[in-house]
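Report on one structure; see the data block that follows.
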Amino acid sequence: MPAPSHVTESIADRKKSRELAEARQSGQVAPAVDVKTGAMINPHNPEFITKRPWYLGDDSGPSLDHQADPTRDQVVLSMQSADQLVKEERQKYKEKSKKQQMEVGMWVEAMRHGKGPYRICQITKIAKKGTVFDLKYEDGTIEKKVKFKPCRKTTG
């Protein structure tokens with residue numbers, strides 16, 4: 001069994017760290033410096049904010065990078081570009097359905113047990129060269145070994 005990573009502080013160590021924190025707050029000692037950016041950390045920030053949580057690992061010193069918003073660097077789409085992406089995805093889906101090329105994860109409409117109204121379901125498995133499917137319906141039920149019968153469109 002591996003040794004625990006948590007080390008209990010002695011009374012003297014806790015007293016020393018408390019005195020250091022008080023001295024930083026009063027301005028007698030220089031404030032802590034962020035180990036990643038080198039920026040000063042506000043001495044009035046509580047320890048639970050400046051100290052990295054144990055479950056994130058890499059406890060190399062005081063830092064505020066674990067407080068940063070992870071979504072800050074994400075690209076925001078405009079409505080026009082989002083509409084264009086949706087349009088392209090729908091076009092790809094229509095082309096695949098016309099060619100009857102099914103993929104795992106694709107959403108289709110099917111009748112449960114060959115009866116009743118068409119229901120929306122997702123393909124979970126494809127077998128026998130794309131003619132037999134396992135389907136998962138929206139309500140969570142799974143139907144296995146569903147045979148695919150292509151629609152015969154008549155022109156005329």
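Chain labels run A, B, ... following the order of the structure tokens; each chain numbers its residues from 1, and ligands are numbered from 1 in the order shown.
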
Mind the document's chain letters and residue numbers, and return as an mmCIF file with all heavy atoms, in the first residue's frame the residues of segment 83-144 of chain A that DSSP labels alpha helix (DSSP H).
```
data_model
loop_
_atom_site.group_PDB
_atom_site.id
_atom_site.type_symbol
_atom_site.label_atom_id
_atom_site.label_comp_id
_atom_site.auth_asym_id
_atom_site.auth_seq_id
_atom_site.Cartn_x
_atom_site.Cartn_y
_atom_site.Cartn_z
ATOM 1 N N ASP A 83 -25.228 28.737 -37.415
ATOM 2 C CA ASP A 83 -26.254 28.300 -38.371
ATOM 3 C C ASP A 83 -25.621 27.599 -39.565
ATOM 4 O O ASP A 83 -26.145 26.607 -40.072
ATOM 5 C CB ASP A 83 -27.087 29.491 -38.856
ATOM 6 C CG ASP A 83 -28.029 30.007 -37.784
ATOM 7 O OD1 ASP A 83 -28.301 29.253 -36.820
ATOM 8 O OD2 ASP A 83 -28.494 31.157 -37.910
ATOM 9 N N GLN A 84 -24.479 28.109 -40.021
ATOM 10 C CA GLN A 84 -23.780 27.499 -41.151
ATOM 11 C C GLN A 84 -23.299 26.091 -40.789
ATOM 12 O O GLN A 84 -23.426 25.163 -41.593
ATOM 13 C CB GLN A 84 -22.594 28.377 -41.574
ATOM 14 C CG GLN A 84 -21.865 27.882 -42.791
ATOM 15 C CD GLN A 84 -22.723 27.891 -44.038
ATOM 16 O OE1 GLN A 84 -23.619 28.722 -44.183
ATOM 17 N NE2 GLN A 84 -22.476 26.954 -44.932
ATOM 18 N N LEU A 85 -22.764 25.925 -39.566
ATOM 19 C CA LEU A 85 -22.319 24.593 -39.131
ATOM 20 C C LEU A 85 -23.478 23.610 -39.058
ATOM 21 O O LEU A 85 -23.358 22.450 -39.474
ATOM 22 C CB LEU A 85 -21.627 24.683 -37.778
ATOM 23 C CG LEU A 85 -20.233 25.302 -37.772
ATOM 24 C CD1 LEU A 85 -19.767 25.499 -36.335
ATOM 25 C CD2 LEU A 85 -19.269 24.424 -38.523
ATOM 26 N N VAL A 86 -24.622 24.059 -38.536
ATOM 27 C CA VAL A 86 -25.799 23.194 -38.444
ATOM 28 C C VAL A 86 -26.278 22.812 -39.839
ATOM 29 O O VAL A 86 -26.625 21.656 -40.101
ATOM 30 C CB VAL A 86 -26.917 23.897 -37.644
ATOM 31 C CG1 VAL A 86 -28.230 23.164 -37.769
ATOM 32 C CG2 VAL A 86 -26.520 24.020 -36.189
ATOM 33 N N LYS A 87 -26.267 23.775 -40.744
ATOM 34 C CA LYS A 87 -26.692 23.525 -42.123
ATOM 35 C C LYS A 87 -25.800 22.476 -42.785
ATOM 36 O O LYS A 87 -26.281 21.565 -43.466
ATOM 37 C CB LYS A 87 -26.640 24.838 -42.902
ATOM 38 C CG LYS A 87 -27.412 24.868 -44.173
ATOM 39 C CD LYS A 87 -27.354 26.271 -44.751
ATOM 40 C CE LYS A 87 -28.412 26.484 -45.777
ATOM 41 N NZ LYS A 87 -28.364 27.831 -46.355
ATOM 42 N N GLU A 88 -24.479 22.595 -42.581
ATOM 43 C CA GLU A 88 -23.538 21.622 -43.152
ATOM 44 C C GLU A 88 -23.760 20.227 -42.575
ATOM 45 O O GLU A 88 -23.726 19.237 -43.314
ATOM 46 C CB GLU A 88 -22.103 22.072 -42.893
ATOM 47 C CG GLU A 88 -21.687 23.291 -43.676
ATOM 48 C CD GLU A 88 -20.340 23.838 -43.248
ATOM 49 O OE1 GLU A 88 -19.654 23.201 -42.403
ATOM 50 O OE2 GLU A 88 -19.963 24.906 -43.755
ATOM 51 N N GLU A 89 -23.986 20.136 -41.244
ATOM 52 C CA GLU A 89 -24.226 18.828 -40.616
ATOM 53 C C GLU A 89 -25.505 18.198 -41.148
ATOM 54 O O GLU A 89 -25.560 16.988 -41.399
ATOM 55 C CB GLU A 89 -24.308 18.974 -39.095
ATOM 56 C CG GLU A 89 -22.974 19.216 -38.431
ATOM 57 C CD GLU A 89 -22.018 18.052 -38.569
ATOM 58 O OE1 GLU A 89 -22.458 16.893 -38.463
ATOM 59 O OE2 GLU A 89 -20.828 18.299 -38.808
ATOM 60 N N ARG A 90 -26.550 18.997 -41.310
ATOM 61 C CA ARG A 90 -27.806 18.462 -41.843
ATOM 62 C C ARG A 90 -27.631 17.980 -43.270
ATOM 63 O O ARG A 90 -28.212 16.962 -43.667
ATOM 64 C CB ARG A 90 -28.896 19.529 -41.768
ATOM 65 C CG ARG A 90 -29.393 19.758 -40.371
ATOM 66 C CD ARG A 90 -30.503 20.762 -40.325
ATOM 67 N NE ARG A 90 -30.956 20.962 -38.959
ATOM 68 C CZ ARG A 90 -31.644 22.001 -38.553
ATOM 69 N NH1 ARG A 90 -31.965 22.960 -39.398
ATOM 70 N NH2 ARG A 90 -32.024 22.101 -37.292
ATOM 71 N N GLN A 91 -26.854 18.715 -44.063
ATOM 72 C CA GLN A 91 -26.595 18.315 -45.444
ATOM 73 C C GLN A 91 -25.854 16.988 -45.488
ATOM 74 O O GLN A 91 -26.180 16.105 -46.279
ATOM 75 C CB GLN A 91 -25.806 19.409 -46.175
ATOM 76 C CG GLN A 91 -25.635 19.158 -47.645
ATOM 77 C CD GLN A 91 -26.957 19.168 -48.397
ATOM 78 O OE1 GLN A 91 -27.882 19.891 -48.038
ATOM 79 N NE2 GLN A 91 -27.055 18.350 -49.418
ATOM 80 N N LYS A 92 -24.841 16.812 -44.626
ATOM 81 C CA LYS A 92 -24.095 15.552 -44.565
ATOM 82 C C LYS A 92 -25.023 14.400 -44.185
ATOM 83 O O LYS A 92 -24.945 13.310 -44.759
ATOM 84 C CB LYS A 92 -22.961 15.643 -43.540
ATOM 85 C CG LYS A 92 -21.800 16.497 -43.973
ATOM 86 C CD LYS A 92 -20.761 16.549 -42.857
ATOM 87 C CE LYS A 92 -19.683 17.555 -43.128
ATOM 88 N NZ LYS A 92 -18.734 17.678 -42.011
ATOM 89 N N TYR A 93 -25.918 14.659 -43.213
ATOM 90 C CA TYR A 93 -26.848 13.622 -42.764
ATOM 91 C C TYR A 93 -27.794 13.227 -43.899
ATOM 92 O O TYR A 93 -28.058 12.047 -44.122
ATOM 93 C CB TYR A 93 -27.639 14.109 -41.553
ATOM 94 C CG TYR A 93 -28.703 13.145 -41.115
ATOM 95 C CD1 TYR A 93 -28.365 11.993 -40.419
ATOM 96 C CD2 TYR A 93 -30.039 13.351 -41.414
ATOM 97 C CE1 TYR A 93 -29.324 11.090 -40.027
ATOM 98 C CE2 TYR A 93 -31.008 12.461 -41.033
ATOM 99 C CZ TYR A 93 -30.652 11.336 -40.338
ATOM 100 O OH TYR A 93 -31.605 10.436 -39.958
ATOM 101 N N LYS A 94 -28.297 14.221 -44.641
ATOM 102 C CA LYS A 94 -29.208 13.925 -45.748
ATOM 103 C C LYS A 94 -28.526 13.102 -46.836
ATOM 104 O O LYS A 94 -29.116 12.166 -47.376
ATOM 105 C CB LYS A 94 -29.742 15.234 -46.355
ATOM 106 C CG LYS A 94 -30.804 15.898 -45.527
ATOM 107 C CD LYS A 94 -31.284 17.173 -46.182
ATOM 108 C CE LYS A 94 -32.293 17.887 -45.310
ATOM 109 N NZ LYS A 94 -32.739 19.155 -45.913
ATOM 110 N N GLU A 95 -27.268 13.440 -47.126
ATOM 111 C CA GLU A 95 -26.536 12.684 -48.143
ATOM 112 C C GLU A 95 -26.316 11.238 -47.706
ATOM 113 O O GLU A 95 -26.465 10.312 -48.501
ATOM 114 C CB GLU A 95 -25.194 13.360 -48.434
ATOM 115 C CG GLU A 95 -25.320 14.668 -49.188
ATOM 116 C CD GLU A 95 -24.003 15.413 -49.303
ATOM 117 O OE1 GLU A 95 -22.958 14.860 -48.894
ATOM 118 O OE2 GLU A 95 -24.026 16.549 -49.803
ATOM 119 N N LYS A 96 -25.968 11.044 -46.444
ATOM 120 C CA LYS A 96 -25.758 9.682 -45.944
ATOM 121 C C LYS A 96 -27.052 8.881 -45.938
ATOM 122 O O LYS A 96 -27.065 7.695 -46.259
ATOM 123 C CB LYS A 96 -25.158 9.713 -44.544
ATOM 124 C CG LYS A 96 -23.703 10.084 -44.527
ATOM 125 C CD LYS A 96 -23.154 10.087 -43.131
ATOM 126 C CE LYS A 96 -21.703 10.514 -43.130
ATOM 127 N NZ LYS A 96 -21.149 10.575 -41.790
ATOM 128 N N SER A 97 -28.155 9.538 -45.565
ATOM 129 C CA SER A 97 -29.415 8.806 -45.523
ATOM 130 C C SER A 97 -29.914 8.484 -46.930
ATOM 131 O O SER A 97 -30.546 7.458 -47.144
ATOM 132 C CB SER A 97 -30.468 9.587 -44.737
ATOM 133 O OG SER A 97 -30.732 10.814 -45.358
ATOM 134 N N LYS A 98 -29.629 9.355 -47.904
ATOM 135 C CA LYS A 98 -30.009 9.052 -49.283
ATOM 136 C C LYS A 98 -29.236 7.849 -49.806
ATOM 137 O O LYS A 98 -29.770 7.001 -50.507
ATOM 138 C CB LYS A 98 -29.747 10.260 -50.187
ATOM 139 C CG LYS A 98 -30.811 11.304 -50.129
ATOM 140 C CD LYS A 98 -30.519 12.428 -51.092
ATOM 141 C CE LYS A 98 -31.546 13.535 -50.939
ATOM 142 N NZ LYS A 98 -31.257 14.678 -51.820
ATOM 143 N N LYS A 99 -27.949 7.779 -49.457
ATOM 144 C CA LYS A 99 -27.111 6.663 -49.879
ATOM 145 C C LYS A 99 -27.295 5.456 -48.970
ATOM 146 O O LYS A 99 -26.713 4.400 -49.203
ATOM 147 C CB LYS A 99 -25.635 7.077 -49.860
ATOM 148 C CG LYS A 99 -25.292 8.148 -50.858
ATOM 149 C CD LYS A 99 -23.837 8.542 -50.718
ATOM 150 C CE LYS A 99 -23.480 9.703 -51.596
ATOM 151 N NZ LYS A 99 -22.090 10.133 -51.412
#
```

All strand (DSSP E or B) residues (DSSP, backbone) inside chain A, as a ChimeraX atom specification | /A:33,40,107-111,118-127,132-137,142-147

Requested write-out: N, CA, C and O atoms of the selected residues, as a tab-separated table (two decimals), in the first residue's frame:
```
chain	number	residue	atom	x	y	z
A	33	VAL	N	4.36	35.14	-3.69
A	33	VAL	CA	4.46	35.34	-5.13
A	33	VAL	C	3.96	34.08	-5.83
A	33	VAL	O	4.28	32.96	-5.42
A	40	MET	N	2.37	39.08	-7.63
A	40	MET	CA	2.11	39.12	-6.20
A	40	MET	C	0.70	38.59	-5.92
A	40	MET	O	-0.23	38.87	-6.67
A	107	TRP	N	-28.54	9.22	-35.37
A	107	TRP	CA	-29.93	9.22	-34.92
A	107	TRP	C	-30.82	8.96	-36.12
A	107	TRP	O	-30.67	9.58	-37.17
A	108	VAL	N	-31.75	8.02	-35.96
A	108	VAL	CA	-32.67	7.64	-37.03
A	108	VAL	C	-34.07	7.50	-36.44
A	108	VAL	O	-34.26	7.56	-35.23
A	109	GLU	N	-35.04	7.29	-37.33
A	109	GLU	CA	-36.40	7.00	-36.89
A	109	GLU	C	-36.70	5.54	-37.20
A	109	GLU	O	-36.36	5.05	-38.27
A	110	ALA	N	-37.33	4.87	-36.25
A	110	ALA	CA	-37.67	3.46	-36.45
A	110	ALA	C	-38.92	3.14	-35.65
A	110	ALA	O	-39.26	3.84	-34.69
A	111	MET	N	-39.59	2.07	-36.07
A	111	MET	CA	-40.75	1.60	-35.31
A	111	MET	C	-40.27	0.55	-34.33
A	111	MET	O	-39.53	-0.36	-34.70
A	118	TYR	N	-43.35	5.90	-35.68
A	118	TYR	CA	-41.89	5.99	-35.74
A	118	TYR	C	-41.39	6.73	-34.50
A	118	TYR	O	-41.98	7.70	-34.06
A	119	ARG	N	-40.31	6.23	-33.94
A	119	ARG	CA	-39.69	6.85	-32.76
A	119	ARG	C	-38.24	7.15	-33.08
A	119	ARG	O	-37.59	6.46	-33.85
A	120	ILE	N	-37.72	8.17	-32.42
A	120	ILE	CA	-36.33	8.55	-32.61
A	120	ILE	C	-35.44	7.62	-31.80
A	120	ILE	O	-35.71	7.37	-30.63
A	121	CYS	N	-34.40	7.10	-32.44
A	121	CYS	CA	-33.48	6.20	-31.76
A	121	CYS	C	-32.07	6.40	-32.31
A	121	CYS	O	-31.87	7.04	-33.34
A	122	GLN	N	-31.11	5.85	-31.59
A	122	GLN	CA	-29.71	5.98	-31.96
A	122	GLN	C	-29.15	4.60	-32.28
A	122	GLN	O	-29.43	3.63	-31.58
A	123	ILE	N	-28.35	4.53	-33.34
A	123	ILE	CA	-27.73	3.26	-33.72
A	123	ILE	C	-26.56	3.00	-32.77
A	123	ILE	O	-25.68	3.84	-32.64
A	124	THR	N	-26.56	1.84	-32.10
A	124	THR	CA	-25.48	1.51	-31.18
A	124	THR	C	-24.53	0.46	-31.73
A	124	THR	O	-23.39	0.38	-31.30
A	125	LYS	N	-25.01	-0.34	-32.71
A	125	LYS	CA	-24.17	-1.39	-33.27
A	125	LYS	C	-24.66	-1.71	-34.68
A	125	LYS	O	-25.87	-1.72	-34.92
A	126	ILE	N	-23.73	-1.97	-35.59
A	126	ILE	CA	-24.08	-2.35	-36.95
A	126	ILE	C	-23.44	-3.71	-37.23
A	126	ILE	O	-22.27	-3.92	-36.96
A	127	ALA	N	-24.23	-4.62	-37.80
A	127	ALA	CA	-23.73	-5.96	-38.11
A	127	ALA	C	-24.18	-6.36	-39.51
A	127	ALA	O	-25.05	-5.73	-40.10
A	132	VAL	N	-28.21	-5.19	-40.26
A	132	VAL	CA	-28.76	-5.50	-38.94
A	132	VAL	C	-28.19	-4.50	-37.93
A	132	VAL	O	-26.99	-4.25	-37.89
A	133	PHE	N	-29.08	-3.91	-37.12
A	133	PHE	CA	-28.69	-2.86	-36.19
A	133	PHE	C	-29.15	-3.17	-34.78
A	133	PHE	O	-30.13	-3.88	-34.58
A	134	ASP	N	-28.45	-2.59	-33.81
A	134	ASP	CA	-28.95	-2.50	-32.44
A	134	ASP	C	-29.33	-1.04	-32.25
A	134	ASP	O	-28.54	-0.14	-32.56
A	135	LEU	N	-30.53	-0.79	-31.74
A	135	LEU	CA	-31.04	0.57	-31.60
A	135	LEU	C	-31.31	0.90	-30.13
A	135	LEU	O	-31.80	0.05	-29.38
A	136	LYS	N	-31.04	2.13	-29.75
A	136	LYS	CA	-31.35	2.61	-28.42
A	136	LYS	C	-32.32	3.77	-28.57
A	136	LYS	O	-32.00	4.80	-29.15
A	137	TYR	N	-33.53	3.58	-28.04
A	137	TYR	CA	-34.58	4.60	-28.16
A	137	TYR	C	-34.37	5.70	-27.13
A	137	TYR	O	-33.60	5.55	-26.18
A	142	ILE	N	-33.52	-0.67	-25.38
A	142	ILE	CA	-32.63	-1.12	-26.45
A	142	ILE	C	-33.30	-2.26	-27.20
A	142	ILE	O	-33.83	-3.19	-26.60
A	143	GLU	N	-33.28	-2.16	-28.51
A	143	GLU	CA	-33.82	-3.23	-29.35
A	143	GLU	C	-32.65	-3.78	-30.17
A	143	GLU	O	-31.94	-3.02	-30.83
A	144	LYS	N	-32.45	-5.08	-30.09
A	144	LYS	CA	-31.30	-5.70	-30.76
A	144	LYS	C	-31.72	-6.43	-32.03
A	144	LYS	O	-32.86	-6.88	-32.14
A	145	LYS	N	-30.79	-6.52	-32.95
A	145	LYS	CA	-30.95	-7.27	-34.20
A	145	LYS	C	-32.17	-6.81	-35.00
A	145	LYS	O	-33.02	-7.60	-35.38
A	146	VAL	N	-32.21	-5.50	-35.26
A	146	VAL	CA	-33.28	-4.94	-36.08
A	146	VAL	C	-32.81	-4.99	-37.52
A	146	VAL	O	-31.72	-4.50	-37.85
A	147	LYS	N	-33.62	-5.58	-38.39
A	147	LYS	CA	-33.25	-5.69	-39.80
A	147	LYS	C	-33.63	-4.42	-40.53
A	147	LYS	O	-34.70	-3.86	-40.33
```

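Across the structure, atom CA of Asp34 of chain A and atom CA of Pro62 of chain A are spaced 5.6 Å apart.
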
In Å to one decimal, how far is atom CA of Ala39 of chain A from atom CA of Ser63 of chain A?
->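 We find that atom CA of Ser63 of chain A and atom CA of Ala39 of chain A lie 9.1 Å from each other.
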
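Across the structure, atom CA of Asp65 of chain A and atom CA of His44 of chain A are spaced 17.3 Å apart.
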